[in-house]
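Raw contents of start.txt, compact mmCIF, C-alpha atoms:
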```txt
# COMPACT_ATOMS: atom_id res chain seq x y z
CA MET A 1 6.57 7.35 10.05
CA SER A 2 9.53 7.38 15.91
CA ALA A 3 8.77 7.95 19.56
CA LEU A 4 6.26 6.31 21.81
CA ALA A 5 2.69 6.38 20.60
CA VAL A 6 -0.42 7.84 22.14
CA SER A 7 -3.88 6.46 21.48
CA LEU A 8 -5.36 7.47 18.16
CA THR A 9 -8.58 8.29 19.96
CA LEU A 10 -7.17 11.44 21.58
CA SER A 11 -8.50 13.82 18.97
CA ALA A 12 -11.84 11.98 18.94
CA THR A 13 -12.24 12.70 22.64
CA GLY A 14 -11.48 16.37 22.21
CA LEU A 15 -7.92 16.34 23.58
CA ALA A 16 -5.03 17.93 21.75
CA ALA A 17 -3.60 15.85 18.96
CA ASP A 18 -0.19 14.28 19.62
CA PHE A 19 2.39 12.49 17.55
CA GLN A 20 1.52 8.81 17.40
CA THR A 21 2.69 5.54 15.87
CA LEU A 22 0.91 2.28 15.11
CA LYS A 23 3.18 -0.76 15.27
CA GLY A 24 2.42 -4.38 14.46
CA HIS A 25 2.52 -4.92 10.72
CA GLY A 26 5.29 -7.10 9.34
CA GLY A 27 5.80 -5.27 6.07
CA PRO A 28 5.59 -1.87 4.37
CA ILE A 29 2.37 0.14 4.73
CA MET A 30 0.63 0.41 1.35
CA ASP A 31 -2.59 2.27 2.24
CA ILE A 32 -4.44 3.92 5.13
CA ASP A 33 -8.10 4.86 5.52
CA VAL A 34 -10.03 6.48 8.37
CA SER A 35 -13.70 5.85 9.16
CA LEU A 36 -15.61 9.14 9.11
CA GLU A 37 -18.15 7.49 11.44
CA THR A 38 -15.93 6.05 14.17
CA GLY A 39 -12.49 7.59 13.54
CA GLN A 40 -10.96 4.11 13.39
CA VAL A 41 -7.88 3.61 11.25
CA ALA A 42 -7.52 0.76 8.74
CA THR A 43 -4.17 -0.14 7.18
CA ALA A 44 -3.15 -2.27 4.21
CA SER A 45 0.27 -3.89 4.23
CA PHE A 46 2.76 -5.88 2.21
CA ASP A 47 2.42 -8.54 4.95
CA ASN A 48 -0.86 -9.69 3.28
CA SER A 49 -2.94 -8.28 6.13
CA VAL A 50 -5.42 -5.53 6.90
CA GLY A 51 -5.05 -3.90 10.30
CA LEU A 52 -8.12 -2.41 12.00
CA TRP A 53 -6.95 -0.23 14.88
CA THR A 54 -8.73 0.63 18.10
CA GLY A 55 -6.32 3.04 19.71
CA ARG A 56 -3.00 1.24 19.39
CA THR A 57 -4.54 -2.23 19.41
CA PRO A 58 -4.88 -3.95 16.02
CA GLN A 59 -7.42 -6.48 14.85
CA TRP A 60 -5.87 -8.44 12.00
CA LEU A 61 -8.06 -9.23 9.02
CA GLU A 62 -6.50 -12.16 7.19
CA GLY A 63 -7.71 -13.47 3.85
CA HIS A 64 -5.53 -12.11 1.08
CA ALA A 65 -2.96 -14.39 -0.52
CA ALA A 66 -0.59 -11.55 -1.42
CA ALA A 67 0.25 -7.97 -0.50
CA VAL A 68 -2.77 -5.79 0.32
CA LYS A 69 -2.53 -2.58 -1.69
CA VAL A 70 -5.68 -0.64 -0.76
CA VAL A 71 -8.34 -0.47 1.96
CA GLN A 72 -11.51 1.60 2.23
CA PHE A 73 -14.25 1.89 4.87
CA LEU A 74 -17.89 1.52 3.82
CA ASP A 75 -19.26 2.33 7.26
CA GLY A 76 -18.43 1.76 10.92
CA SER A 77 -18.50 -2.03 10.61
CA HIS A 78 -17.67 -2.78 6.98
CA LEU A 79 -14.58 -2.22 4.88
CA VAL A 80 -13.18 -3.46 1.58
CA SER A 81 -9.61 -4.29 0.62
CA GLY A 82 -7.81 -5.23 -2.56
CA GLY A 83 -4.38 -6.55 -3.37
CA ASP A 84 -1.81 -8.28 -5.49
CA ASP A 85 -3.86 -11.49 -5.44
CA ASN A 86 -6.29 -9.78 -7.90
CA ASP A 87 -9.14 -10.05 -5.39
CA LEU A 88 -11.28 -7.75 -3.29
CA ILE A 89 -12.50 -8.77 0.16
CA LEU A 90 -15.56 -7.22 1.79
CA TRP A 91 -15.14 -7.41 5.58
CA ASN A 92 -17.85 -7.35 8.26
CA THR A 93 -16.04 -6.44 11.46
CA SER A 94 -19.16 -6.91 13.60
CA ASP A 95 -19.34 -10.67 13.13
CA GLY A 96 -15.89 -11.38 11.67
CA SER A 97 -17.21 -12.62 8.34
CA HIS A 98 -15.86 -11.69 4.93
CA GLN A 99 -16.82 -12.10 1.30
CA LEU A 100 -14.37 -12.67 -1.56
CA LEU A 101 -15.04 -10.62 -4.69
CA GLU A 102 -13.35 -12.26 -7.67
CA GLY A 103 -13.23 -11.19 -11.30
CA HIS A 104 -10.20 -9.03 -11.94
CA THR A 105 -7.25 -10.69 -13.66
CA ALA A 106 -4.50 -8.44 -12.31
CA LYS A 107 -3.62 -6.65 -9.07
CA ILE A 108 -6.01 -4.16 -7.46
CA MET A 109 -4.47 -0.70 -7.17
CA GLY A 110 -7.34 1.57 -6.11
CA LEU A 111 -10.74 1.52 -4.40
CA ALA A 112 -13.64 3.92 -3.92
CA VAL A 113 -17.01 3.63 -2.20
CA SER A 114 -20.10 5.39 -3.55
CA PRO A 115 -21.64 8.14 -1.39
CA ASP A 116 -24.71 6.00 -0.66
CA LYS A 117 -22.46 3.02 0.30
CA THR A 118 -24.17 0.70 -2.19
CA MET A 119 -21.31 0.27 -4.66
CA ILE A 120 -17.56 -0.32 -4.65
CA ALA A 121 -15.32 0.72 -7.53
CA SER A 122 -11.99 -0.99 -8.10
CA ALA A 123 -9.01 0.00 -10.24
CA SER A 124 -6.97 -2.88 -11.62
CA TRP A 125 -3.90 -3.44 -13.72
CA ASP A 126 -6.05 -5.54 -16.04
CA ALA A 127 -6.91 -2.09 -17.54
CA ARG A 128 -10.48 -2.28 -16.22
CA VAL A 129 -12.58 -0.61 -13.57
CA GLY A 130 -14.85 -2.91 -11.57
CA LEU A 131 -18.23 -1.83 -10.18
CA TRP A 132 -19.33 -4.11 -7.34
CA PRO A 133 -22.83 -3.81 -5.84
CA VAL A 134 -22.53 -4.24 -2.09
CA ASP A 135 -25.72 -6.35 -2.07
CA GLY A 136 -23.88 -9.10 -3.94
CA ASP A 137 -25.18 -8.62 -7.47
CA ALA A 138 -22.81 -9.39 -10.34
CA PRO A 139 -20.08 -6.84 -11.01
CA GLN A 140 -19.88 -4.62 -14.07
CA TYR A 141 -16.59 -3.78 -15.75
CA LEU A 142 -15.66 -0.54 -17.47
CA ALA A 143 -13.08 -0.99 -20.23
CA GLY A 144 -11.45 1.82 -22.15
CA HIS A 145 -8.03 2.46 -20.68
CA THR A 146 -5.11 1.06 -22.65
CA ALA A 147 -2.99 0.21 -19.60
CA GLY A 148 -3.43 -0.56 -15.91
CA VAL A 149 -5.85 1.55 -13.88
CA ASN A 150 -4.34 2.97 -10.69
CA ALA A 151 -7.08 5.04 -9.06
CA VAL A 152 -10.85 5.65 -8.98
CA ALA A 153 -13.11 8.25 -7.34
CA PHE A 154 -16.90 8.71 -7.27
CA SER A 155 -18.60 12.01 -7.96
CA ARG A 156 -20.42 13.52 -4.99
CA ASP A 157 -23.82 12.53 -6.40
CA GLY A 158 -22.61 8.98 -7.02
CA ARG A 159 -23.70 9.01 -10.66
CA GLN A 160 -20.27 9.36 -12.21
CA LEU A 161 -16.85 7.85 -11.70
CA TYR A 162 -13.36 9.15 -12.39
CA SER A 163 -10.53 6.75 -13.24
CA ALA A 164 -6.79 7.32 -13.74
CA SER A 165 -4.39 5.08 -15.57
CA VAL A 166 -0.82 4.20 -16.38
CA ASP A 167 -1.78 5.31 -19.91
CA GLY A 168 -1.72 8.92 -18.65
CA SER A 169 -5.44 9.63 -18.93
CA ILE A 170 -8.24 10.49 -16.53
CA LYS A 171 -11.63 9.32 -17.77
CA LEU A 172 -15.14 10.24 -16.63
CA TRP A 173 -17.73 7.44 -16.70
CA ASP A 174 -21.51 7.40 -16.51
CA ILE A 175 -22.33 4.68 -13.99
CA ALA A 176 -25.94 4.07 -15.08
CA THR A 177 -24.93 3.24 -18.65
CA GLY A 178 -21.37 2.05 -18.01
CA SER A 179 -20.17 4.32 -20.80
CA GLU A 180 -17.24 6.67 -21.04
CA LYS A 181 -18.37 10.30 -21.12
CA ARG A 182 -15.08 12.03 -21.85
CA VAL A 183 -11.40 12.33 -21.04
CA ILE A 184 -10.77 14.94 -18.32
CA ASP A 185 -7.04 15.24 -19.00
CA ARG A 186 -4.15 13.47 -20.68
CA ASN A 187 -0.65 13.39 -19.30
CA GLY A 188 2.61 12.22 -20.81
CA PHE A 189 3.37 10.10 -17.76
CA GLY A 190 1.32 7.52 -15.90
CA ILE A 191 -1.11 8.83 -13.28
CA ASN A 192 -0.87 7.15 -9.87
CA VAL A 193 -3.42 8.88 -7.62
CA ILE A 194 -6.40 11.23 -7.87
CA ALA A 195 -8.66 13.24 -5.55
CA VAL A 196 -11.72 15.39 -6.23
CA GLY A 197 -12.96 18.47 -4.41
CA GLY A 198 -14.47 21.93 -4.60
CA GLU A 199 -17.20 23.90 -2.89
CA GLY A 200 -20.89 23.26 -3.44
CA GLU A 201 -22.98 20.16 -4.07
CA ARG A 202 -20.78 18.89 -6.89
CA GLU A 203 -17.05 18.68 -7.23
CA SER A 204 -15.35 21.29 -9.40
CA TRP A 205 -11.71 20.19 -9.51
CA ILE A 206 -9.73 17.00 -9.76
CA ALA A 207 -6.14 16.71 -8.58
CA TYR A 208 -3.75 14.03 -9.70
CA GLY A 209 -0.19 12.90 -9.07
CA SER A 210 1.95 11.34 -11.76
CA GLN A 211 5.14 9.39 -12.36
CA ASP A 212 7.08 12.50 -13.37
CA GLY A 213 6.51 14.07 -9.95
CA VAL A 214 3.85 16.61 -10.95
CA THR A 215 0.78 17.35 -8.83
CA ARG A 216 -1.78 18.94 -11.14
CA VAL A 217 -5.21 20.46 -10.47
CA VAL A 218 -7.72 20.49 -13.33
CA ASP A 219 -11.12 22.17 -13.74
CA ILE A 220 -13.52 19.26 -14.26
CA ASP A 221 -15.99 21.11 -16.50
CA THR A 222 -13.56 22.91 -18.79
CA GLY A 223 -10.46 20.73 -18.58
CA GLU A 224 -8.36 23.81 -17.84
CA ARG A 225 -5.16 23.07 -15.93
CA LEU A 226 -5.51 25.33 -12.92
CA HIS A 227 -2.30 24.58 -11.01
CA ASP A 228 0.89 22.58 -11.54
CA PHE A 229 3.21 21.82 -8.63
CA THR A 230 6.59 20.15 -9.04
CA PHE A 231 9.52 19.89 -6.63
CA GLU A 232 11.78 17.72 -8.80
CA ARG A 233 10.88 14.70 -6.68
CA ARG A 234 9.22 11.74 -8.31
CA PRO A 235 6.86 10.01 -8.42
CA ILE A 236 3.74 11.21 -6.58
CA LEU A 237 2.47 8.05 -4.85
CA ALA A 238 -0.15 9.11 -2.29
CA MET A 239 -2.89 11.74 -2.09
CA ALA A 240 -5.58 12.61 0.46
CA VAL A 241 -8.18 15.34 0.96
CA SER A 242 -9.13 16.45 4.48
CA PRO A 243 -12.72 15.68 5.56
CA ASP A 244 -13.74 19.34 5.22
CA GLY A 245 -12.04 19.60 1.83
CA SER A 246 -9.76 22.45 2.88
CA ARG A 247 -6.45 20.63 2.46
CA LEU A 248 -4.84 18.33 -0.07
CA ALA A 249 -1.84 16.23 0.99
CA THR A 250 0.54 14.37 -1.31
CA GLY A 251 3.37 11.91 -0.69
CA ASP A 252 6.25 11.23 -3.06
CA GLY A 253 9.00 8.74 -3.82
CA HIS A 254 11.63 10.78 -1.99
CA GLY A 255 9.78 10.64 1.33
CA TYR A 256 8.21 14.11 1.35
CA ILE A 257 4.67 15.03 2.37
CA THR A 258 3.31 18.26 0.88
CA VAL A 259 0.12 19.97 2.10
CA PHE A 260 -1.83 22.57 0.09
CA ASP A 261 -4.67 24.90 1.03
CA THR A 262 -7.36 24.03 -1.54
CA LYS A 263 -9.00 27.47 -1.50
CA SER A 264 -5.92 29.52 -2.32
CA TRP A 265 -3.75 26.59 -3.48
CA ALA A 266 -0.99 28.03 -1.34
CA LEU A 267 1.69 25.63 -0.12
CA GLU A 268 1.22 25.08 3.62
CA THR A 269 3.94 22.52 4.35
CA ASP A 270 6.63 20.62 2.49
CA PHE A 271 7.85 18.10 5.05
CA ARG A 272 10.64 15.51 4.86
CA ALA A 273 8.61 12.70 6.41
CA ALA A 274 10.89 9.76 5.63
CA LEU A 275 14.67 9.75 5.55
CA LYS A 276 14.63 6.73 3.26
CA GLY A 277 12.05 5.40 0.88
CA PRO A 278 8.67 6.54 -0.44
CA ILE A 279 5.39 7.66 1.09
CA TRP A 280 2.78 5.19 -0.18
CA ALA A 281 -0.12 5.94 2.16
CA LEU A 282 -1.80 9.09 3.49
CA ALA A 283 -5.07 9.75 5.35
CA PHE A 284 -6.44 12.58 7.46
CA SER A 285 -8.02 11.87 10.83
CA LYS A 286 -11.79 12.19 11.20
CA GLU A 287 -11.40 15.72 12.55
CA GLY A 288 -8.78 16.61 9.96
CA ASP A 289 -6.18 17.71 12.52
CA VAL A 290 -3.88 14.70 12.21
CA LEU A 291 -2.20 13.25 9.12
CA HIS A 292 -1.47 9.53 9.08
CA ALA A 293 1.29 8.28 6.78
CA GLY A 294 2.98 5.03 5.83
CA GLY A 295 5.70 3.80 3.54
CA ILE A 296 8.63 1.44 3.34
CA GLU A 297 8.64 0.86 7.11
CA ASN A 298 6.10 -1.35 8.88
CA ILE A 299 4.88 1.53 11.08
CA VAL A 300 2.13 4.11 10.64
CA TYR A 301 3.19 7.60 11.70
CA SER A 302 0.65 10.26 12.66
CA TRP A 303 1.54 13.93 12.93
CA PRO A 304 -0.61 16.83 14.15
CA LEU A 305 -0.99 19.16 11.18
CA ALA A 306 -0.40 22.21 13.36
CA ASP A 307 3.14 21.03 14.12
CA LEU A 308 3.92 19.24 10.88
CA ALA A 309 6.56 21.66 9.63
CA SER A 310 8.59 21.35 12.84
CA SER A 311 8.12 17.59 13.37
CA ASP A 312 10.81 14.95 13.27
CA PRO A 313 10.77 12.56 10.30
CA MET A 314 10.18 8.84 10.42
CA ALA A 315 12.61 6.50 12.14
CA THR A 316 16.23 7.46 11.65
CA GLU A 317 17.42 3.84 11.44
CA THR A 318 17.62 2.76 7.83
CA PRO A 319 15.82 -0.50 6.98
CA LYS A 320 18.28 -3.22 6.00
CA PHE A 321 17.14 -3.37 2.39
CA LEU A 322 17.89 0.38 2.02
CA LYS A 323 21.35 0.34 3.60
CA LYS A 324 24.32 1.25 1.46
CA PRO A 325 25.95 -1.84 -0.11
CA GLU A 326 29.30 -1.06 1.53
CA GLU A 327 27.67 -1.28 4.97
CA MET A 328 26.85 -4.99 4.53
CA SER A 329 28.58 -8.19 3.53
CA ASN A 330 27.51 -9.55 0.15
CA GLY A 331 25.48 -12.33 1.78
CA GLU A 332 23.63 -9.92 4.05
CA ARG A 333 23.06 -7.62 1.07
CA GLN A 334 21.48 -10.46 -0.94
CA PHE A 335 19.19 -11.29 1.98
CA ALA A 336 18.31 -7.63 2.57
CA ARG A 337 17.39 -6.98 -1.05
CA LYS A 338 15.76 -10.33 -1.91
CA CYS A 339 14.31 -11.73 1.32
CA SER A 340 14.05 -9.33 4.25
CA ILE A 341 10.71 -7.69 3.40
CA CYS A 342 8.96 -11.08 3.43
CA HIS A 343 10.99 -13.18 5.89
CA ALA A 344 12.17 -12.83 9.49
CA LEU A 345 15.30 -14.49 10.88
CA THR A 346 13.93 -14.76 14.41
CA GLY A 347 11.89 -17.59 15.89
CA ASP A 348 8.55 -16.16 14.76
CA THR A 349 7.20 -14.77 11.50
CA ALA A 350 6.97 -11.20 12.91
CA ARG A 351 3.81 -10.81 10.81
CA LYS A 352 5.87 -11.06 7.64
CA ALA A 353 4.37 -12.06 4.30
CA GLY A 354 6.49 -15.24 4.35
CA PRO A 355 7.39 -17.76 7.08
CA THR A 356 10.39 -17.29 9.36
CA LEU A 357 13.70 -18.62 8.09
CA HIS A 358 14.89 -19.46 11.62
CA ASN A 359 16.25 -23.03 11.71
CA ILE A 360 15.59 -23.38 7.98
CA PHE A 361 18.44 -25.79 7.18
CA GLY A 362 17.19 -29.34 7.46
CA ARG A 363 13.55 -28.26 7.69
CA ARG A 364 10.91 -29.63 5.33
CA ALA A 365 9.28 -26.91 3.25
CA GLY A 366 5.81 -25.89 4.34
CA THR A 367 6.13 -26.91 7.99
CA VAL A 368 6.38 -23.70 10.05
CA PRO A 369 3.44 -23.96 12.48
CA ASP A 370 0.48 -21.64 11.91
CA TYR A 371 1.81 -20.17 8.65
CA PRO A 372 -0.84 -20.33 5.85
CA TYR A 373 1.16 -22.02 3.10
CA SER A 374 -0.05 -22.54 -0.43
CA ALA A 375 -1.19 -26.07 -1.28
CA THR A 376 2.02 -26.48 -3.31
CA LEU A 377 4.28 -26.07 -0.29
CA SER A 378 2.01 -27.67 2.28
CA GLY A 379 2.57 -31.07 0.69
CA SER A 380 6.11 -30.49 -0.53
CA ASP A 381 8.91 -33.05 -0.25
CA ILE A 382 11.60 -30.33 -0.41
CA ILE A 383 14.09 -30.26 2.46
CA TRP A 384 15.81 -26.89 2.73
CA SER A 385 19.57 -27.29 2.37
CA GLU A 386 22.48 -25.58 0.64
CA THR A 387 21.57 -27.46 -2.52
CA THR A 388 17.83 -26.74 -2.54
CA ILE A 389 18.21 -23.06 -1.60
CA ASP A 390 20.82 -22.67 -4.33
CA GLN A 391 18.44 -24.25 -6.86
CA LEU A 392 15.52 -22.11 -5.66
CA PHE A 393 17.33 -18.89 -6.56
CA LEU A 394 18.99 -20.32 -9.67
CA ASP A 395 15.65 -21.36 -11.21
CA GLY A 396 13.44 -18.79 -9.49
CA PRO A 397 10.52 -19.75 -7.21
CA ASP A 398 8.02 -19.71 -10.09
CA HIS A 399 9.95 -22.56 -11.74
CA TYR A 400 11.33 -24.42 -8.74
CA ILE A 401 8.06 -24.48 -6.77
CA PRO A 402 5.35 -23.33 -9.21
CA GLY A 403 2.14 -22.35 -7.45
CA SER A 404 3.82 -21.02 -4.30
CA LYS A 405 3.28 -17.50 -2.97
CA MET A 406 6.93 -16.54 -3.41
CA PRO A 407 7.41 -13.67 -5.87
CA MET A 408 9.43 -14.32 -8.99
CA GLN A 409 13.11 -13.53 -8.44
CA ARG A 410 16.44 -15.08 -9.32
CA ILE A 411 20.02 -14.66 -8.16
CA VAL A 412 22.00 -15.30 -11.31
CA GLU A 413 25.59 -15.22 -10.05
CA GLN A 414 26.83 -18.35 -8.29
CA GLN A 415 28.98 -16.30 -5.88
CA ASP A 416 25.96 -14.25 -4.81
CA ARG A 417 23.99 -17.44 -4.11
CA ASP A 418 26.90 -18.93 -2.19
CA ASP A 419 27.28 -15.79 -0.09
CA LEU A 420 23.54 -15.70 0.65
CA ILE A 421 23.60 -19.32 1.78
CA ASP A 422 26.62 -18.69 4.02
CA TYR A 423 24.84 -15.70 5.57
CA LEU A 424 21.64 -17.71 6.14
CA LYS A 425 23.58 -20.56 7.77
CA SER A 426 24.90 -18.11 10.33
CA ALA A 427 21.84 -15.85 10.77
CA THR A 428 19.26 -18.66 11.03
CA ALA A 429 21.24 -21.10 13.14
CA PRO A 430 19.35 -22.45 16.16
CA SER A 431 20.23 -21.00 19.52
CA GLU A 432 20.93 -23.15 22.53
CA GLY A 433 17.67 -24.70 23.63
CA ASP A 434 16.01 -24.44 20.21
CA THR A 435 14.47 -27.54 18.65
CA GLN A 436 14.40 -28.24 14.94
```
Here is the file; what I need is its structure written in the form of structure tokens.
Amino acid sequence: MSALAVSLTLSATGLAADFQTLKGHGGPIMDIDVSLETGQVATASFDNSVGLWTGRTPQWLEGHAAAVKVVQFLDGSHLVSGGDDNDLILWNTSDGSHQLLEGHTAKIMGLAVSPDKTMIASASWDARVGLWPVDGDAPQYLAGHTAGVNAVAFSRDGRQLYSASVDGSIKLWDIATGSEKRVIDRNGFGINVIAVGGEGERESWIAYGSQDGVTRVVDIDTGERLHDFTFERRPILAMAVSPDGSRLATGDGHGYITVFDTKSWALETDFRAALKGPIWALAFSKEGDVLHAGGIENIVYSWPLADLASSDPMATETPKFLKKPEEMSNGERQFARKCSICHALTGDTARKAGPTLHNIFGRRAGTVPDYPYSATLSGSDIIWSETTIDQLFLDGPDHYIPGSKMPMQRIVEQQDRDDLIDYLKSATAPSEGDTQ
């Protein structure tokens, strides 16, 4: 996930695939999907945005009020996304319109689109699966898991749905009746991701990745555990099947991408893709010859599969929030761990989830131009100062400014708050020529 990028349309035009990057997001990459009709790439990010990429040029789809966790194409001009704001958004990229799909009461962790493109399935941490007719009819909810649902997948005929949960189970549902048919497998650890495959008109196996770092392949009909793969790296966080079904790729919390041949289940590649941090997002290109990946950085990296084993990993420069504590002052460390993913220190927001902190001292809250503040902050009387910033992290944003978008976090120790404030006073100070 570094090097200069080449257009993502190379393989679509029949030229040899090259290493590529997509840059523009302001936060970690949480999910990637590729249109099987157009080859376009869509990305979901912690910066609250969906990126729709034509070559290296992004179109930003803005509408979520929190981190976007998942994105899925319906067809060449429609896609759906879900996030930490508990909502789904159905996007029409032809006319720029979008439709908010509300009903879940916790974050959306997984999405799937039925083979006939008429229904969307959503996995939520409210322990339910949502079934959303694309024509706008009322959603149906499938309840049966005892903890958050992380992933969903339709059967090839579109009549059944698989769901995987933090409770360690994979369930099979009958869509027509909304009833649970049976449990495919139970695992002692939470299941994060699933994928289905097999030769013929109907799928024959389901693969899943779990918190304990196991990738397991199960026979759908018999429940027999066909293959278990573990490399003592945990957890498994991403999974993708190539368009022709011949390869399964997984990404884990230690930054490795592993590729299997799904006919022999032989290990093709075990690749250190990220020097720091997890792999959260994986997707094959339309032709299946390129693997797109994303994680803790704000860049999508794309490697030709033919050269994957010999490729260089993602950027060698460690993100600030992953630096060793001894490499930073205490104030910088507090900023890196608590603030840097959401806030920039420069004069623009850098597509971050939160507004820039540049020139913050003496500024009224909710006044950075063009940033979409919550109603709470838009009309706030707070003036950011040593006192108000100290109180913000003493009380926590949920108490100090209830209703804001800021995630709940506190800095308990007074010295840590003092050091953060000292660091911010230096790092956000206006340069010569700046205006407050």
Open item on the list: Residues near Ile279 (chain A), anyone? I mean within 10 Å using all atoms listed in the file, not counting same-chain ones fewer than 4 positions away, as a PyMOL selection string.
Closed with: chain A and resi 1+29-31+235-239+250-257+273-274+293-297
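With all atoms listed in the file as the atoms that count, the residue of A:Ser77, A:Ser302, A:Ser311, A:Gln409 with the shortest distance to Lys23 (chain A) is A:Ser302.
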TODO: Name all residues at most 8 Å from region 376-388 of chain A (count all atoms listed in the file; drop same-chain ones fewer than 3 positions away) and give them as a PyMOL selection string.
DONE: chain A and resi 360-367+373+391-392+401-404+421
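We find CA of Gly197 (chain A) and CA of Val217 (chain A) to be spaced 10.0 Å apart.
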Open item on the list: Quick check, in Å to one decimal: how far apart do CA of Asp185 (chain A) and CA of Tyr208 (chain A) lie?
Closed with: 9.9 Å
TODO: Identify which of the residues A:Thr21, A:Asn150, A:Ser114, A:Thr43 lies closest to Ser81 (chain A), counting only C-alpha atoms when measuring atom-to-atom distances.
DONE: A:Thr43
